[in-house]
Structure formats: C-alpha cells, structure tokens
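Raw contents of target-v5.cif, mmCIF, C-alpha atoms:
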data_entry
loop_
_atom_site.group_PDB
_atom_site.id
_atom_site.type_symbol
_atom_site.label_atom_id
_atom_site.label_comp_id
_atom_site.auth_asym_id
_atom_site.auth_seq_id
_atom_site.Cartn_x
_atom_site.Cartn_y
_atom_site.Cartn_z
ATOM 1 C CA MET A 1 17.860 48.175 6.732
ATOM 2 C CA PHE A 2 18.837 51.783 6.043
ATOM 3 C CA GLY A 3 19.734 52.180 9.727
ATOM 4 C CA LEU A 4 22.266 49.357 9.456
ATOM 5 C CA ILE A 5 23.776 50.840 6.323
ATOM 6 C CA GLY A 6 24.065 54.229 8.042
ATOM 7 C CA LEU A 7 25.632 52.581 11.101
ATOM 8 C CA TRP A 8 28.121 50.724 8.923
ATOM 9 C CA GLU A 9 29.042 53.958 7.122
ATOM 10 C CA SER A 10 29.599 55.690 10.469
ATOM 11 C CA VAL A 11 31.865 52.861 11.604
ATOM 12 C CA ARG A 12 33.823 53.004 8.342
ATOM 13 C CA GLU A 13 34.269 56.762 8.678
ATOM 14 C CA PHE A 14 35.417 56.356 12.288
ATOM 15 C CA ILE A 15 37.969 53.708 11.269
ATOM 16 C CA ALA A 16 39.134 55.901 8.395
ATOM 17 C CA THR A 17 39.784 58.789 10.803
ATOM 18 C CA GLY A 18 41.509 56.555 13.367
ATOM 19 C CA GLY A 19 43.521 54.250 11.157
ATOM 20 C CA ASP A 20 43.749 50.522 10.598
ATOM 21 C CA VAL A 21 44.708 49.817 14.213
ATOM 22 C CA LEU A 22 41.034 50.304 15.058
ATOM 23 C CA TYR A 23 40.326 46.974 13.331
ATOM 24 C CA PHE A 24 42.486 45.290 15.982
ATOM 25 C CA VAL A 25 40.692 47.178 18.763
ATOM 26 C CA ALA A 26 37.375 46.066 17.260
ATOM 27 C CA LEU A 27 38.556 42.469 17.042
ATOM 28 C CA ALA A 28 39.706 42.462 20.686
ATOM 29 C CA LEU A 29 36.418 44.096 21.726
ATOM 30 C CA PHE A 30 34.352 41.561 19.787
ATOM 31 C CA LEU A 31 36.260 38.602 21.202
ATOM 32 C CA MET A 32 36.048 40.012 24.728
ATOM 33 C CA TRP A 33 32.269 40.449 24.514
ATOM 34 C CA VAL A 34 31.721 37.015 22.977
ATOM 35 C CA LEU A 35 33.652 35.446 25.846
ATOM 36 C CA MET A 36 31.814 37.500 28.474
ATOM 37 C CA ILE A 37 28.427 36.555 27.023
ATOM 38 C CA GLU A 38 29.490 32.895 26.955
ATOM 39 C CA ARG A 39 30.571 33.067 30.618
ATOM 40 C CA TYR A 40 27.299 34.696 31.615
ATOM 41 C CA TRP A 41 25.365 32.001 29.737
ATOM 42 C CA TYR A 42 27.407 29.303 31.493
ATOM 43 C CA LEU A 43 26.676 30.842 34.908
ATOM 44 C CA VAL A 44 22.970 31.191 34.258
ATOM 45 C CA SER A 45 22.074 28.028 32.372
ATOM 46 C CA VAL A 46 24.831 25.406 32.560
ATOM 47 C CA PHE A 47 26.342 25.747 36.027
ATOM 48 C CA PRO A 48 23.073 25.270 37.957
ATOM 49 C CA LYS A 49 22.751 21.832 36.312
ATOM 50 C CA VAL A 50 26.379 21.003 37.118
ATOM 51 C CA LYS A 51 25.849 22.084 40.729
ATOM 52 C CA LYS A 52 22.664 20.020 41.027
ATOM 53 C CA ASP A 53 24.460 16.976 39.616
ATOM 54 C CA ILE A 54 27.355 17.313 42.070
ATOM 55 C CA ILE A 55 24.963 17.717 45.009
ATOM 56 C CA GLN A 56 22.992 14.636 43.914
ATOM 57 C CA LYS A 57 26.186 12.585 43.591
ATOM 58 C CA TRP A 58 27.327 13.704 47.055
ATOM 59 C CA GLU A 59 23.979 12.962 48.684
ATOM 60 C CA ALA A 60 23.863 9.544 46.988
ATOM 61 C CA ARG A 61 27.135 8.552 48.633
ATOM 62 C CA THR A 62 26.872 6.359 51.699
ATOM 63 C CA ASP A 63 30.294 7.476 52.926
ATOM 64 C CA THR A 64 30.577 11.257 53.365
ATOM 65 C CA THR A 65 32.860 11.375 56.397
ATOM 66 C CA SER A 66 36.042 9.515 55.465
ATOM 67 C CA TRP A 67 39.223 11.120 54.211
ATOM 68 C CA TYR A 68 38.626 9.476 50.810
ATOM 69 C CA ALA A 69 35.092 10.914 50.588
ATOM 70 C CA HIS A 70 36.391 14.394 51.326
ATOM 71 C CA ARG A 71 39.030 14.109 48.591
ATOM 72 C CA ILE A 72 36.273 13.165 46.135
ATOM 73 C CA ARG A 73 34.216 16.170 47.316
ATOM 74 C CA ASP A 74 37.235 18.459 46.951
ATOM 75 C CA THR A 75 37.898 17.092 43.453
ATOM 76 C CA TRP A 76 34.329 17.790 42.341
ATOM 77 C CA ILE A 77 34.517 21.309 43.775
ATOM 78 C CA SER A 78 37.875 21.893 42.086
ATOM 79 C CA GLN A 79 36.600 20.700 38.710
ATOM 80 C CA ALA A 80 33.521 22.912 38.974
ATOM 81 C CA SER A 81 35.717 25.862 40.012
ATOM 82 C CA ASP A 82 37.971 25.313 37.013
ATOM 83 C CA GLU A 83 34.945 25.355 34.712
ATOM 84 C CA LEU A 84 33.672 28.535 36.361
ATOM 85 C CA ASP A 85 37.071 30.229 35.949
ATOM 86 C CA ALA A 86 37.459 29.110 32.335
ATOM 87 C CA ARG A 87 38.191 32.005 29.967
ATOM 88 C CA MET A 88 38.121 34.625 32.734
ATOM 89 C CA LEU A 89 41.894 35.137 32.376
ATOM 90 C CA ILE A 90 41.488 35.628 28.617
ATOM 91 C CA ILE A 91 38.785 38.235 29.264
ATOM 92 C CA ARG A 92 41.013 40.124 31.722
ATOM 93 C CA THR A 93 43.892 39.945 29.244
ATOM 94 C CA LEU A 94 41.766 41.345 26.416
ATOM 95 C CA ILE A 95 40.616 44.182 28.678
ATOM 96 C CA ALA A 96 44.241 45.019 29.441
ATOM 97 C CA MET A 97 45.233 44.752 25.762
ATOM 98 C CA CYS A 98 42.635 47.184 24.389
ATOM 99 C CA PRO A 99 44.342 50.380 25.640
ATOM 100 C CA LEU A 100 47.715 48.997 24.555
ATOM 101 C CA ILE A 101 46.427 48.348 21.042
ATOM 102 C CA GLY A 102 45.068 51.903 21.057
ATOM 103 C CA LEU A 103 48.461 53.166 22.164
ATOM 104 C CA LEU A 104 50.034 51.339 19.229
ATOM 105 C CA GLY A 105 47.671 53.301 16.985
ATOM 106 C CA THR A 106 48.769 56.503 18.651
ATOM 107 C CA VAL A 107 52.433 55.719 18.091
ATOM 108 C CA THR A 108 51.898 54.821 14.432
ATOM 109 C CA GLY A 109 49.776 57.952 13.975
ATOM 110 C CA MET A 110 52.443 60.156 15.504
ATOM 111 C CA ILE A 111 55.054 58.583 13.227
ATOM 112 C CA GLY A 112 52.797 59.664 10.359
ATOM 113 C CA VAL A 113 52.660 63.204 11.780
ATOM 114 C CA PHE A 114 56.439 63.349 12.001
ATOM 115 C CA GLU A 115 56.767 62.053 8.421
ATOM 116 C CA THR A 116 54.366 64.760 7.280
ATOM 117 C CA MET A 117 56.369 67.388 9.144
ATOM 118 C CA ALA A 118 59.590 66.097 7.585
ATOM 119 C CA THR A 119 58.247 66.178 4.030
ATOM 120 C CA GLN A 120 55.822 69.130 4.146
ATOM 121 C CA GLY A 121 57.428 71.225 6.873
ATOM 122 C CA THR A 122 55.686 72.577 9.939
ATOM 123 C CA SER A 123 53.774 75.293 8.102
ATOM 124 C CA ASN A 124 50.830 73.056 7.121
ATOM 125 C CA ALA A 125 48.877 72.955 10.386
ATOM 126 C CA ARG A 126 45.873 71.244 8.764
ATOM 127 C CA LEU A 127 47.909 68.151 7.812
ATOM 128 C CA MET A 128 49.481 67.992 11.267
ATOM 129 C CA ALA A 129 46.096 68.351 12.995
ATOM 130 C CA SER A 130 44.547 65.510 10.991
ATOM 131 C CA GLY A 131 47.559 63.324 11.794
ATOM 132 C CA ILE A 132 47.313 64.118 15.501
ATOM 133 C CA SER A 133 43.587 63.393 15.393
ATOM 134 C CA MET A 134 44.315 60.058 13.716
ATOM 135 C CA ALA A 135 46.871 59.400 16.454
ATOM 136 C CA THR A 136 44.550 60.070 19.412
ATOM 137 C CA ILE A 137 41.405 58.282 18.213
ATOM 138 C CA PRO A 138 42.857 54.759 18.636
ATOM 139 C CA THR A 139 43.830 55.479 22.245
ATOM 140 C CA MET A 140 40.341 56.728 22.994
ATOM 141 C CA ALA A 141 38.798 53.711 21.271
ATOM 142 C CA GLY A 142 41.034 51.310 23.195
ATOM 143 C CA MET A 143 40.142 52.911 26.503
ATOM 144 C CA VAL A 144 36.417 52.894 25.755
ATOM 145 C CA ALA A 145 36.642 49.222 24.733
ATOM 146 C CA ALA A 146 38.478 48.352 27.954
ATOM 147 C CA LEU A 147 36.028 50.293 30.106
ATOM 148 C CA SER A 148 33.067 48.592 28.449
ATOM 149 C CA GLY A 149 34.448 45.202 29.427
ATOM 150 C CA LEU A 150 35.816 46.143 32.845
ATOM 151 C CA PHE A 151 32.433 46.599 34.523
ATOM 152 C CA ILE A 152 30.886 43.412 33.129
ATOM 153 C CA SER A 153 34.052 41.442 33.822
ATOM 154 C CA SER A 154 34.104 42.506 37.473
ATOM 155 C CA ARG A 155 30.422 41.555 37.800
ATOM 156 C CA LEU A 156 31.147 38.169 36.219
ATOM 157 C CA GLU A 157 34.053 37.569 38.597
ATOM 158 C CA ALA A 158 31.804 38.383 41.564
ATOM 159 C CA LYS A 159 29.152 35.969 40.270
ATOM 160 C CA VAL A 160 31.779 33.250 39.760
ATOM 161 C CA LYS A 161 33.008 33.743 43.322
ATOM 162 C CA LEU A 162 29.459 33.502 44.682
ATOM 163 C CA ALA A 163 28.796 30.388 42.592
ATOM 164 C CA LYS A 164 31.910 28.710 43.985
ATOM 165 C CA GLU A 165 30.970 29.608 47.551
ATOM 166 C CA GLY A 166 27.410 28.411 46.972
ATOM 167 C CA LEU A 167 28.661 25.058 45.705
ATOM 168 C CA VAL A 168 30.962 24.576 48.702
ATOM 169 C CA ASP A 169 28.150 25.519 51.084
ATOM 170 C CA SER A 170 25.750 23.050 49.429
ATOM 171 C CA LEU A 171 28.055 20.106 50.034
ATOM 172 C CA PRO A 172 28.049 19.469 53.784
ATOM 173 C CA HIS A 173 31.488 18.852 55.238
ATOM 174 C CA HIS A 174 30.780 16.292 57.968
#
Structure re-expressed in structure tokens:
Amino acid sequence: MFGLIGLWESVREFIATGGDVLYFVALALFLMWVLMIERYWYLVSVFPKVKKDIIQKWEARTDTTSWYAHRIRDTWISQASDELDARMLIIRTLIAMCPLIGLLGTVTGMIGVFETMATQGTSNARLMASGISMATIPTMAGMVAALSGLFISSRLEAKVKLAKEGLVDSLPHH
C-alpha cells in the first residue's frame, strides 16, 4: 500500500515538473497500451477460434472449386483480416502522437520561459533553468511513451501478418 502511495507521489512530482501536458501524454500512453493488450488478447484467444470456425465451414462445403466458392473463401479471409487489423491504425497513430504531444509541452514551456524573461529579465538563471526543464520533460516523456509502444506494436503487426498468412494457407485453394 505504501509503495503505491510513494509511486503516486513520484508521478505527481514528475507531472508537476513537466507541466499539465504530461496528462495528455499519459492518456495517449494508457490508451495505446490498452489497445495493444486487447489486440494481443484477440490474437491469442479469440482468433484461433475464428480460424477454426472458418476452416470447418470451408471443409464442410461440398463445392470448393467453383468461382462462387472461391469468392466465399476470399470473403471469409477478408473479414478475418479486417478483424485482425482492427485498431492497429489507432495504435500506430497514438505512437506517432506521443512525441508531438510532448513537443506541444516543450513549446508551451518555452513560452513560459520567455514570459519569465520578459517580466523578470535574464538575470534570474534559476527561474529560466526551471522553465527550460519544464519545457524538455514533456518531449522526453512523449518519446519514451512512443518507444514503449513501437516495439510491441511492430511485434503485433508481425503476428497479425503471420495469422493472416496462416489462415490463407489453411484454406486449400483447389
């Protein structure tokens, strides 16, 4: 319990030093990871059942050689592919957005530095340094968030590609 409280305090301190833009980075990071976990769960537990069902339906058909049968096969493959690709574009978009959100924090932080310089002058280095620190932390956080999702996302995309190929290979094309 005390570990969670200490962790929460560390997060609050980090957000206080980086500014409110870090809430948006955290939201994008959370959403990205929820979607990636959902996609992994779909690949591991749902898709094998979908694949088995499609294979059973194909093998139960008496006609597997006509043009009509091949259109049905292609439709089933296309529907399964669409389900496999679901939310992958959103994940890639969130990965791309994280550094941009961090950059927004940098810009707003630098505006704060320039306001401080305009009102206090350039003689107060401590105020300028804290403003510059507040400006760079969101960029770092956005990049770390994007990097954390980039590896898993690329692994998920590879698994999706293999799942699609495996489905096509399991349905003989007579």
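Counting only C-alpha atoms and comparing A:Ile72, A:Leu100, A:Ala163, A:Ala146, the residue that lies closest to Trp33 of chain A is A:Ala146.
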Worksheet item: Any idea what's packed within 12 Å of Asp169 of chain A, counting all atoms listed in the file, ignoring anything in its chain fewer than 4 positions away? Could you give it as a PyMOL selection string?
Response: chain A and resi 51+55+73+77+162-165+173-174
Write a file of the just-selected residues containing C-alpha atoms, as a PDB file, in the frame of the given file.
ATOM      1  CA  LYS A  51      25.849  22.084  40.729  1.00  0.00           C
ATOM      2  CA  ILE A  55      24.963  17.717  45.009  1.00  0.00           C
ATOM      3  CA  ARG A  73      34.216  16.170  47.316  1.00  0.00           C
ATOM      4  CA  ILE A  77      34.517  21.309  43.775  1.00  0.00           C
ATOM      5  CA  LEU A 162      29.459  33.502  44.682  1.00  0.00           C
ATOM      6  CA  ALA A 163      28.796  30.388  42.592  1.00  0.00           C
ATOM      7  CA  LYS A 164      31.910  28.710  43.985  1.00  0.00           C
ATOM      8  CA  GLU A 165      30.970  29.608  47.551  1.00  0.00           C
ATOM      9  CA  HIS A 173      31.488  18.852  55.238  1.00  0.00           C
ATOM     10  CA  HIS A 174      30.780  16.292  57.968  1.00  0.00           C
TER      11      HIS A 174
END
Worksheet item: Which residue out of A:Tyr40, A:Arg12, A:Leu31, A:Gly131 has the minimum interatomic distance to Ile111 of chain A when all atoms listed in the file are used?
Response: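 Of the candidates, the smallest distance to Ile111 of chain A is held by A:Gly131.
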Worksheet entry | Shortest interatomic distance to Ala141 of chain A - which of A:Trp76, A:Leu167, A:Leu104, A:Ser81, counting all atoms listed in the file |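 Nearest candidate to Ala141 of chain A out of A:Trp76, A:Leu167, A:Leu104, A:Ser81: A:Leu104.
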Worksheet item: Quick one: of A:Gly166, A:Met134, A:Val11, A:Thr62, who's nearest to Tyr23 of chain A, counting only C-alpha atoms?
Response: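 Looking at the shortest contact to Tyr23 of chain A, the residue is A:Val11.
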Worksheet item: Which one of A:Glu9, A:Ile91, A:Pro48, A:Ile132 sits closest to Met117 of chain A if you count only C-alpha atoms?
Response: A:Ile132
Worksheet item: From the set A:Ala135, A:Ile15, A:Met128, A:Leu171, which residue has the shortest atom-to-atom contact distance to Leu103 of chain A, counting all atoms listed in the file?
Response: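 Looking only at the distances to Leu103 of chain A, the closest residue turns out to be A:Ala135.
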Discussion item. Please list as a list in words every residue within 10 Å of Met140 of chain A, counting only C-alpha atoms and excluding residues in the same chain fewer than 2 positions away.
Written reply: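 Surrounding residues, per the criterion: Gly18, Cys98, Pro99, Gly102, Leu103, Thr106, Ala135, Thr136, Ile137, Pro138, Gly142, Met143, Val144, Ala145 and Ala146 of chain A.
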Practice prompt. To one decimal in Å, tell me the separation between atom CA of Leu27 of chain A and atom CA of Leu156 of chain A.
Written response: 21.0 Å
Worksheet entry | Protein and nucleic acid residues near (27.8, 30.7, 29.7) (cut-off 12 Å, only C-alpha atoms) as a list in words |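 Nearby residues: Trp33, Val34, Leu35, Met36, Ile37, Glu38, Arg39, Tyr40, Trp41, Tyr42, Leu43, Val44, Ser45, Val46, Phe47, Pro48, Glu83, Leu84, Asp85, Ala86, Arg87, Met88, Leu156, Lys159 and Val160 of chain A.
Atom CA of Val168 of chain A sits 9.9 Å away from atom CA of Ser78 of chain A.
For the pair atom CA of Thr119 of chain A and atom CA of Gly19 of chain A, the separation is 20.2 Å.
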Item to complete: Evaluate the PyMOL selection byres ((chain A and resi 116) around 12) here and jot the selected residues down as JSON, numbers by chain.
Response: {"A": [109, 110, 111, 112, 113, 114, 115, 117, 118, 119, 120, 121, 122, 123, 124, 125, 126, 127, 128, 129, 130, 131, 132]}
